[in-house]
Amino acid sequence: MEENRLKNIVEPLLAWFDGNARVLPWREEPTPYRVWISEIMLQQTRVEAVKPFYERFLEALPDIPSLAACPEDRLLKLWEGLGYYNRARNLQKAAQVLVSEYQAEMPPDYDAIRGLPGIGPYTAGAVASIAYGIPVPAVDGNVLRVLSRILTLEEDVLKQSVKRRMEEQIQAVIPKERPGAFNQALMELGATVCVPNGPAKCGVCPLHGLCLANQEGRTGEFPKKTPKKARKIEERTVLVIRDGERAAIRKRPDKGLLAGLYELPNLPGRLGREDVLRQLEDWGMVPVHIRPLKEAKHIFSHIEWHMTGYAVRVAQLEQSVQEGLLFVEPFRTEKDYPIPAAFAAYTEELQIRLGQEKYEAEIGL
């Protein structure tokens with residue numbers, strides 16, 4: 001029954017996509033590399049937010065060999081502002097595999113693409129169908145939402161068994177002559193019409209007559225999802241430490257949250273002024289001025305940081321490294337050291353811009 005209903009969506013969906021597809025940079029020239037980079041960037045990030053990052057990334061790293069050879073700090077700096085930095089690392093790992101095993105070309109084979117680091121079924125399906133015309137599904141959150149409403153799926157769409165069944169259903173109906181367009185049409189419908197936040201725009205949906213949830217007036221009930229566990233709250237105290245014109249940063253550990261990135265020095269807990277002064281003295285510094293900064297919050301997928309901050313001036317240091325700290329001029333930090341957006345509220349104190357804000361300032365936007 002589900003498969004029969006899905007067969008009927010193919011023609012109206014493709015006709016709608018032909019007349020309503022957004023103009024996007026990765027669609028203008030859908031090479032395997034360009035599709036791959038865009039799909040990784042678009043995971044959990046809005047299309048409009050991704051566009052400038054994508055164009056800048058492609059300008060700096062236009063092909064697989066350049067991505068494979070890029071120094072890690074530069075790669076992470078190009079990714080700065082997108083978050084989920086392991087995705088950038090996995091991009092590079094996959095590029096290195098492609099250089100060593102596939103002559104620096106994305107193989108025209110779904111299983112081979114699926115076997116690359118950081119590439120799951122959705123991304124492999126998107127690259128294979130869009131770039132190579134291979135009739136395989138690409139089922140992401142947007143697609144699951146559309147399907148759940150068309151079919152009134154009463155099951156949790158986050159279950160892998162449900163996702164696999166939907167992939168099988170799409171595999172059975174995907175048009176062999178236009179698989180990439182069909183997959184993109186489902187994604188596009190979910191992003192622009194069958195939307196996640198607010199009411200679905202059923203009045204302009206090409207599938208409204210085929211959608212069971214619309215017919216039953218139940219679009220707001222789908223998709224069904226098990227509520228996520230509450231995020232863990234962590235209190236952090238962030239220090240903006242200046243030694244003359246230089247400011248302190250440090251590299252985070254190679255594993256764990258924000259692995260391998262640079263950060264402003266920070267300490268667990270919500271520390272008071274005297275606690276901060278004692279910590280600075282333990283680090284061998286002589287604080288000459290301290291003032292509180294505003295509070296800030298940053299949300300990760302499973303953790304939420306609640307931050308308080310202090311701006312500190314210390315006496316001129318004899319050495320540039322204290323307790324793993326690097327004292328660097330802010331302009332060099334902005335240019336060379338990838339700092340996650342979690343610290344954006346405090347990099348303002350140093351007039352350091354992160355991610356897209358930095359590039360917009362450089363071009364005068």
# chains A, B, ... in the order shown; residues from 1 in each chain; ligands from 1
$ residues_around --residues "Leu14 of chain A" --least-positions-apart "2" --cutoff "12 Å" --atoms "only C-alpha atoms" --output "VMD selection string"
chain A and resid 8 to 12 16 to 21 174 to 175 177 to 189 206 to 207
$ residues_around --residues "Val204 of chain A" --least-positions-apart "3" --cutoff "8 Å" --atoms "only C-alpha atoms" --output "PDB file with all heavy atoms, in the first residue's frame"
ATOM      1  N   VAL A 193       8.453  23.561   1.612  1.00  0.00           N
ATOM      2  CA  VAL A 193       6.981  23.447   1.649  1.00  0.00           C
ATOM      3  C   VAL A 193       6.521  22.605   2.836  1.00  0.00           C
ATOM      4  O   VAL A 193       5.748  23.053   3.679  1.00  0.00           O
ATOM      5  CB  VAL A 193       6.447  22.845   0.323  1.00  0.00           C
ATOM      6  CG1 VAL A 193       4.930  22.626   0.412  1.00  0.00           C
ATOM      7  CG2 VAL A 193       6.777  23.765  -0.850  1.00  0.00           C
ATOM      8  N   LYS A 201       3.007  23.997   4.335  1.00  0.00           N
ATOM      9  CA  LYS A 201       2.354  24.861   3.335  1.00  0.00           C
ATOM     10  C   LYS A 201       1.582  23.989   2.341  1.00  0.00           C
ATOM     11  O   LYS A 201       1.898  23.919   1.154  1.00  0.00           O
ATOM     12  CB  LYS A 201       3.411  25.709   2.637  1.00  0.00           C
ATOM     13  CG  LYS A 201       4.228  26.564   3.604  1.00  0.00           C
ATOM     14  CD  LYS A 201       5.384  27.270   2.902  1.00  0.00           C
ATOM     15  CE  LYS A 201       6.252  28.016   3.896  1.00  0.00           C
ATOM     16  NZ  LYS A 201       7.429  28.654   3.239  1.00  0.00           N
ATOM     17  N   HIS A 208      -0.401  17.511  -2.232  1.00  0.00           N
ATOM     18  CA  HIS A 208      -1.420  17.640  -1.181  1.00  0.00           C
ATOM     19  C   HIS A 208      -2.567  16.643  -1.377  1.00  0.00           C
ATOM     20  O   HIS A 208      -3.126  16.136  -0.410  1.00  0.00           O
ATOM     21  CB  HIS A 208      -1.954  19.073  -1.114  1.00  0.00           C
ATOM     22  CG  HIS A 208      -2.811  19.466  -2.265  1.00  0.00           C
ATOM     23  ND1 HIS A 208      -2.290  19.931  -3.448  1.00  0.00           N
ATOM     24  CD2 HIS A 208      -4.158  19.448  -2.419  1.00  0.00           C
ATOM     25  CE1 HIS A 208      -3.275  20.197  -4.285  1.00  0.00           C
ATOM     26  NE2 HIS A 208      -4.423  19.913  -3.691  1.00  0.00           N
TER      27      HIS A 208
END
$ select_by_dssp --residues "segment 112-162 of chain A" --states "helix (DSSP H, G or I)" --output "tab-separated table (two decimals) with N, CA, C and O atoms, in the first residue's frame"
chain	number	residue	atom	x	y	z
A	112	ALA	N	31.17	1.86	-3.00
A	112	ALA	CA	32.52	2.41	-2.82
A	112	ALA	C	32.44	3.78	-2.15
A	112	ALA	O	33.24	4.10	-1.26
A	113	ILE	N	31.49	4.61	-2.58
A	113	ILE	CA	31.31	5.93	-1.95
A	113	ILE	C	30.92	5.76	-0.48
A	113	ILE	O	31.44	6.43	0.41
A	114	ARG	N	30.02	4.83	-0.23
A	114	ARG	CA	29.54	4.57	1.14
A	114	ARG	C	30.67	4.11	2.03
A	114	ARG	O	30.66	4.33	3.26
A	121	PRO	N	24.75	6.46	4.44
A	121	PRO	CA	23.85	6.11	3.33
A	121	PRO	C	23.26	7.32	2.62
A	121	PRO	O	23.16	7.33	1.39
A	122	TYR	N	22.88	8.35	3.39
A	122	TYR	CA	22.27	9.52	2.76
A	122	TYR	C	23.27	10.22	1.82
A	122	TYR	O	22.96	10.49	0.65
A	123	THR	N	24.45	10.55	2.34
A	123	THR	CA	25.43	11.28	1.52
A	123	THR	C	25.85	10.44	0.31
A	123	THR	O	25.96	10.97	-0.81
A	124	ALA	N	26.06	9.15	0.52
A	124	ALA	CA	26.42	8.29	-0.61
A	124	ALA	C	25.32	8.28	-1.65
A	124	ALA	O	25.58	8.35	-2.86
A	125	GLY	N	24.07	8.22	-1.21
A	125	GLY	CA	22.95	8.23	-2.14
A	125	GLY	C	22.84	9.55	-2.88
A	125	GLY	O	22.55	9.58	-4.09
A	126	ALA	N	23.09	10.66	-2.18
A	126	ALA	CA	23.01	11.97	-2.83
A	126	ALA	C	24.09	12.11	-3.90
A	126	ALA	O	23.82	12.53	-5.03
A	127	VAL	N	25.33	11.77	-3.56
A	127	VAL	CA	26.43	11.89	-4.53
A	127	VAL	C	26.21	10.95	-5.71
A	127	VAL	O	26.33	11.34	-6.88
A	128	ALA	N	25.86	9.70	-5.42
A	128	ALA	CA	25.68	8.71	-6.49
A	128	ALA	C	24.55	9.09	-7.42
A	128	ALA	O	24.67	8.97	-8.65
A	129	SER	N	23.43	9.56	-6.88
A	129	SER	CA	22.26	9.87	-7.72
A	129	SER	C	22.40	11.20	-8.44
A	129	SER	O	22.08	11.30	-9.64
A	130	ILE	N	22.89	12.22	-7.74
A	130	ILE	CA	22.96	13.56	-8.34
A	130	ILE	C	24.13	13.68	-9.32
A	130	ILE	O	23.99	14.21	-10.42
A	131	ALA	N	25.29	13.19	-8.91
A	131	ALA	CA	26.48	13.35	-9.76
A	131	ALA	C	26.61	12.27	-10.82
A	131	ALA	O	27.12	12.54	-11.91
A	132	TYR	N	26.13	11.06	-10.53
A	132	TYR	CA	26.34	9.95	-11.45
A	132	TYR	C	25.06	9.35	-12.02
A	132	TYR	O	25.11	8.44	-12.85
A	141	GLY	N	16.50	13.95	6.93
A	141	GLY	CA	15.40	14.39	7.79
A	141	GLY	C	14.27	15.03	7.01
A	141	GLY	O	13.08	14.82	7.32
A	142	ASN	N	14.60	15.85	6.01
A	142	ASN	CA	13.56	16.47	5.19
A	142	ASN	C	12.72	15.42	4.48
A	142	ASN	O	11.49	15.50	4.43
A	143	VAL	N	13.39	14.42	3.92
A	143	VAL	CA	12.68	13.37	3.18
A	143	VAL	C	11.82	12.54	4.12
A	143	VAL	O	10.66	12.22	3.81
A	144	LEU	N	12.35	12.21	5.29
A	144	LEU	CA	11.57	11.43	6.25
A	144	LEU	C	10.32	12.18	6.69
A	144	LEU	O	9.26	11.59	6.88
A	145	ARG	N	10.43	13.49	6.84
A	145	ARG	CA	9.26	14.29	7.23
A	145	ARG	C	8.20	14.25	6.14
A	145	ARG	O	7.01	14.05	6.41
A	146	VAL	N	8.61	14.42	4.89
A	146	VAL	CA	7.66	14.35	3.77
A	146	VAL	C	6.98	12.98	3.72
A	146	VAL	O	5.75	12.88	3.63
A	147	LEU	N	7.79	11.93	3.78
A	147	LEU	CA	7.23	10.59	3.69
A	147	LEU	C	6.32	10.27	4.87
A	147	LEU	O	5.29	9.61	4.71
A	148	SER	N	6.70	10.73	6.06
A	148	SER	CA	5.88	10.43	7.23
A	148	SER	C	4.50	11.06	7.12
A	148	SER	O	3.51	10.49	7.60
A	149	ARG	N	4.41	12.22	6.47
A	149	ARG	CA	3.12	12.88	6.31
A	149	ARG	C	2.32	12.26	5.16
A	149	ARG	O	1.11	12.07	5.28
A	150	ILE	N	3.00	11.95	4.08
A	150	ILE	CA	2.29	11.31	2.96
A	150	ILE	C	1.67	9.98	3.40
A	150	ILE	O	0.53	9.66	3.06
A	151	LEU	N	2.42	9.23	4.21
A	151	LEU	CA	2.01	7.87	4.58
A	151	LEU	C	1.40	7.78	5.98
A	151	LEU	O	0.98	6.71	6.40
A	160	GLN	N	16.29	3.35	13.11
A	160	GLN	CA	16.97	2.91	11.90
A	160	GLN	C	16.11	1.96	11.08
A	160	GLN	O	16.17	1.96	9.85
A	161	SER	N	15.29	1.15	11.75
A	161	SER	CA	14.43	0.22	11.01
A	161	SER	C	13.43	0.96	10.14
A	161	SER	O	13.12	0.55	9.01
A	162	VAL	N	12.91	2.09	10.65
A	162	VAL	CA	11.96	2.89	9.88
A	162	VAL	C	12.67	3.56	8.71
A	162	VAL	O	12.17	3.56	7.57
$ closest_residue --among "A:Pro25, A:Leu261, A:Pro338, A:Pro135" --to "Tyr110 of chain A" --atoms "only C-alpha atoms"
A:Pro135
$ residues_around --residues "Leu280 of chain A" --least-positions-apart "2" --cutoff "12 Å" --atoms "only C-alpha atoms" --output "count of residues only"
31
$ closest_residue --among "A:Leu264, A:Arg89, A:Gly133, A:Leu61" --to "Thr31 of chain A" --atoms "only C-alpha atoms"
A:Gly133
$ residues_around --residues "Arg236 of chain A" --least-positions-apart "5" --cutoff "12 Å" --atoms "only C-alpha atoms" --output "compact mmCIF listing (two decimals) with N, CA and C atoms, in the first residue's frame"
# COMPACT_ATOMS: atom_id res chain seq x y z
N LEU A 264 39.86 30.16 23.83
CA LEU A 264 40.26 31.03 24.92
C LEU A 264 40.39 30.18 26.17
N PRO A 265 41.35 30.48 27.04
CA PRO A 265 41.49 29.67 28.26
C PRO A 265 40.17 29.68 29.03
N ASN A 266 39.79 28.51 29.53
CA ASN A 266 38.55 28.43 30.31
C ASN A 266 38.69 27.34 31.35
N LEU A 267 37.86 27.46 32.38
CA LEU A 267 37.93 26.58 33.52
C LEU A 267 36.55 26.05 33.85
N PRO A 268 36.48 24.83 34.38
CA PRO A 268 35.17 24.32 34.75
C PRO A 268 34.59 25.08 35.94
N GLY A 269 33.28 25.22 35.93
CA GLY A 269 32.59 25.87 37.04
C GLY A 269 32.37 27.36 36.80
N ARG A 270 31.63 27.94 37.69
CA ARG A 270 31.33 29.39 37.65
C ARG A 270 32.19 30.04 38.72
N LEU A 271 33.36 30.50 38.33
CA LEU A 271 34.35 30.99 39.28
C LEU A 271 34.17 32.47 39.58
N GLY A 272 34.46 32.81 40.83
CA GLY A 272 34.46 34.21 41.21
C GLY A 272 35.81 34.85 40.93
N VAL A 276 39.62 33.18 40.12
CA VAL A 276 40.33 33.41 38.86
C VAL A 276 41.73 33.95 39.12
N GLU A 295 27.65 37.27 30.50
CA GLU A 295 27.40 35.83 30.46
C GLU A 295 26.98 35.42 29.05
N ALA A 296 27.21 34.17 28.73
CA ALA A 296 26.88 33.68 27.39
C ALA A 296 26.49 32.21 27.49
N LYS A 297 25.86 31.72 26.43
CA LYS A 297 25.44 30.33 26.38
C LYS A 297 25.76 29.78 24.99
N HIS A 298 26.18 28.54 24.93
CA HIS A 298 26.39 27.88 23.63
C HIS A 298 25.86 26.46 23.72
N ILE A 303 25.41 18.81 24.90
CA ILE A 303 25.89 19.59 26.04
C ILE A 303 25.54 21.05 25.82
N GLU A 304 25.28 21.75 26.90
CA GLU A 304 25.01 23.18 26.83
C GLU A 304 25.98 23.88 27.78
N TRP A 305 26.78 24.78 27.25
CA TRP A 305 27.70 25.54 28.08
C TRP A 305 27.02 26.82 28.55
N HIS A 306 27.06 27.06 29.85
CA HIS A 306 26.66 28.34 30.43
C HIS A 306 27.94 29.00 30.91
N MET A 307 28.28 30.13 30.30
CA MET A 307 29.60 30.72 30.50
C MET A 307 29.54 32.08 31.18
N THR A 308 30.50 32.29 32.04
CA THR A 308 30.77 33.62 32.57
C THR A 308 32.20 33.95 32.19
N GLY A 309 32.53 35.23 32.11
CA GLY A 309 33.86 35.57 31.60
C GLY A 309 34.52 36.69 32.38
N TYR A 310 35.83 36.76 32.23
CA TYR A 310 36.63 37.84 32.82
C TYR A 310 37.67 38.30 31.80
N ALA A 342 31.65 28.73 19.86
CA ALA A 342 31.28 28.72 21.29
C ALA A 342 31.87 29.91 22.02
N PHE A 343 33.00 30.43 21.53
CA PHE A 343 33.68 31.52 22.22
C PHE A 343 33.41 32.89 21.60
$ closest_residue --among "A:Gly260, A:Gly118, A:Pro340, A:Pro330" --to "Ile352 of chain A" --atoms "only C-alpha atoms"
A:Pro330
$ atom_distance --atom1 "atom CA of Arg56 of chain A" --atom2 "atom CA of Pro253 of chain A"
27.4 Å
$ closest_residue --among "A:Arg22, A:Arg353, A:Lys335, A:Arg165" --to "Arg74 of chain A" --atoms "only C-alpha atoms"
A:Lys335
$ closest_residue --among "A:Leu75, A:Val328, A:Leu13, A:Val99" --to "Gly209 of chain A" --atoms "only C-alpha atoms"
A:Leu13
$ decode --residues "segment 50-62 of chain A" --atoms "all heavy atoms" --output "short mmCIF file (atom, residue, chain, number, x, y, z; two decimals), in the first residue's frame"
data_model
loop_
_atom_site.label_atom_id
_atom_site.label_comp_id
_atom_site.auth_asym_id
_atom_site.auth_seq_id
_atom_site.Cartn_x
_atom_site.Cartn_y
_atom_site.Cartn_z
N VAL A 50 25.00 28.06 4.49
CA VAL A 50 26.08 27.28 3.90
C VAL A 50 26.69 27.96 2.68
O VAL A 50 27.90 27.85 2.43
CB VAL A 50 25.58 25.87 3.53
CG1 VAL A 50 26.51 25.18 2.53
CG2 VAL A 50 25.45 25.01 4.78
N LYS A 51 25.88 28.67 1.89
CA LYS A 51 26.34 29.20 0.60
C LYS A 51 27.71 29.89 0.66
O LYS A 51 28.62 29.54 -0.10
CB LYS A 51 25.31 30.16 0.02
CG LYS A 51 24.11 29.49 -0.61
CD LYS A 51 23.19 30.56 -1.17
CE LYS A 51 21.94 30.00 -1.79
NZ LYS A 51 21.05 31.08 -2.28
N PRO A 52 27.91 30.90 1.53
CA PRO A 52 29.21 31.58 1.52
C PRO A 52 30.36 30.69 1.97
O PRO A 52 31.47 30.80 1.46
CB PRO A 52 29.01 32.76 2.47
CG PRO A 52 27.83 32.39 3.32
CD PRO A 52 26.96 31.55 2.46
N PHE A 53 30.10 29.78 2.94
CA PHE A 53 31.15 28.85 3.36
C PHE A 53 31.54 27.94 2.20
O PHE A 53 32.71 27.67 1.99
CB PHE A 53 30.64 27.99 4.53
CG PHE A 53 30.55 28.73 5.83
CD1 PHE A 53 29.35 29.26 6.25
CD2 PHE A 53 31.66 28.89 6.64
CE1 PHE A 53 29.25 29.93 7.46
CE2 PHE A 53 31.57 29.57 7.85
CZ PHE A 53 30.36 30.08 8.26
N TYR A 54 30.54 27.46 1.48
CA TYR A 54 30.78 26.55 0.36
C TYR A 54 31.63 27.22 -0.71
O TYR A 54 32.62 26.64 -1.19
CB TYR A 54 29.43 26.12 -0.22
CG TYR A 54 29.53 25.30 -1.47
CD1 TYR A 54 29.77 23.93 -1.42
CD2 TYR A 54 29.36 25.88 -2.73
CE1 TYR A 54 29.85 23.17 -2.58
CE2 TYR A 54 29.45 25.14 -3.89
CZ TYR A 54 29.68 23.78 -3.81
OH TYR A 54 29.77 23.05 -4.96
N GLU A 55 31.27 28.43 -1.08
CA GLU A 55 32.00 29.12 -2.15
C GLU A 55 33.43 29.41 -1.73
O GLU A 55 34.36 29.27 -2.54
CB GLU A 55 31.24 30.39 -2.53
CG GLU A 55 29.92 30.08 -3.24
CD GLU A 55 29.02 31.29 -3.39
OE1 GLU A 55 29.32 32.34 -2.78
OE2 GLU A 55 28.01 31.19 -4.12
N ARG A 56 33.61 29.79 -0.48
CA ARG A 56 34.97 30.07 0.00
C ARG A 56 35.80 28.79 0.07
O ARG A 56 36.97 28.77 -0.30
CB ARG A 56 34.87 30.73 1.38
CG ARG A 56 36.21 31.16 1.95
CD ARG A 56 36.01 32.03 3.18
NE ARG A 56 35.40 31.32 4.30
CZ ARG A 56 34.16 31.53 4.74
NH1 ARG A 56 33.38 32.41 4.15
NH2 ARG A 56 33.69 30.87 5.78
N PHE A 57 35.19 27.72 0.53
CA PHE A 57 35.89 26.43 0.63
C PHE A 57 36.31 25.94 -0.74
O PHE A 57 37.45 25.49 -0.94
CB PHE A 57 34.95 25.42 1.30
CG PHE A 57 35.61 24.14 1.73
CD1 PHE A 57 36.09 23.98 3.02
CD2 PHE A 57 35.74 23.07 0.84
CE1 PHE A 57 36.68 22.79 3.42
CE2 PHE A 57 36.33 21.88 1.24
CZ PHE A 57 36.82 21.74 2.54
N LEU A 58 35.41 26.03 -1.71
CA LEU A 58 35.73 25.56 -3.07
C LEU A 58 36.80 26.43 -3.73
O LEU A 58 37.62 25.94 -4.52
CB LEU A 58 34.47 25.55 -3.93
CG LEU A 58 33.72 24.22 -4.04
CD1 LEU A 58 34.51 23.22 -4.85
CD2 LEU A 58 33.39 23.64 -2.68
N GLU A 59 36.81 27.70 -3.40
CA GLU A 59 37.85 28.57 -3.95
C GLU A 59 39.22 28.19 -3.40
O GLU A 59 40.21 28.15 -4.12
CB GLU A 59 37.55 30.03 -3.62
CG GLU A 59 38.55 31.01 -4.20
CD GLU A 59 38.21 32.45 -3.89
OE1 GLU A 59 37.13 32.72 -3.32
OE2 GLU A 59 39.04 33.33 -4.21
N ALA A 60 39.28 27.85 -2.10
CA ALA A 60 40.55 27.50 -1.48
C ALA A 60 40.97 26.08 -1.80
O ALA A 60 42.17 25.80 -2.00
CB ALA A 60 40.45 27.68 0.04
N LEU A 61 39.99 25.17 -1.86
CA LEU A 61 40.27 23.75 -2.08
C LEU A 61 39.37 23.26 -3.21
O LEU A 61 38.32 22.67 -2.98
CB LEU A 61 40.01 22.95 -0.80
CG LEU A 61 40.76 23.41 0.46
CD1 LEU A 61 40.31 22.62 1.68
CD2 LEU A 61 42.27 23.31 0.28
N PRO A 62 39.76 23.50 -4.45
CA PRO A 62 38.85 23.26 -5.57
C PRO A 62 38.72 21.80 -6.00
O PRO A 62 37.87 21.49 -6.84
CB PRO A 62 39.48 24.08 -6.70
CG PRO A 62 40.94 24.12 -6.36
CD PRO A 62 41.00 24.17 -4.88
#
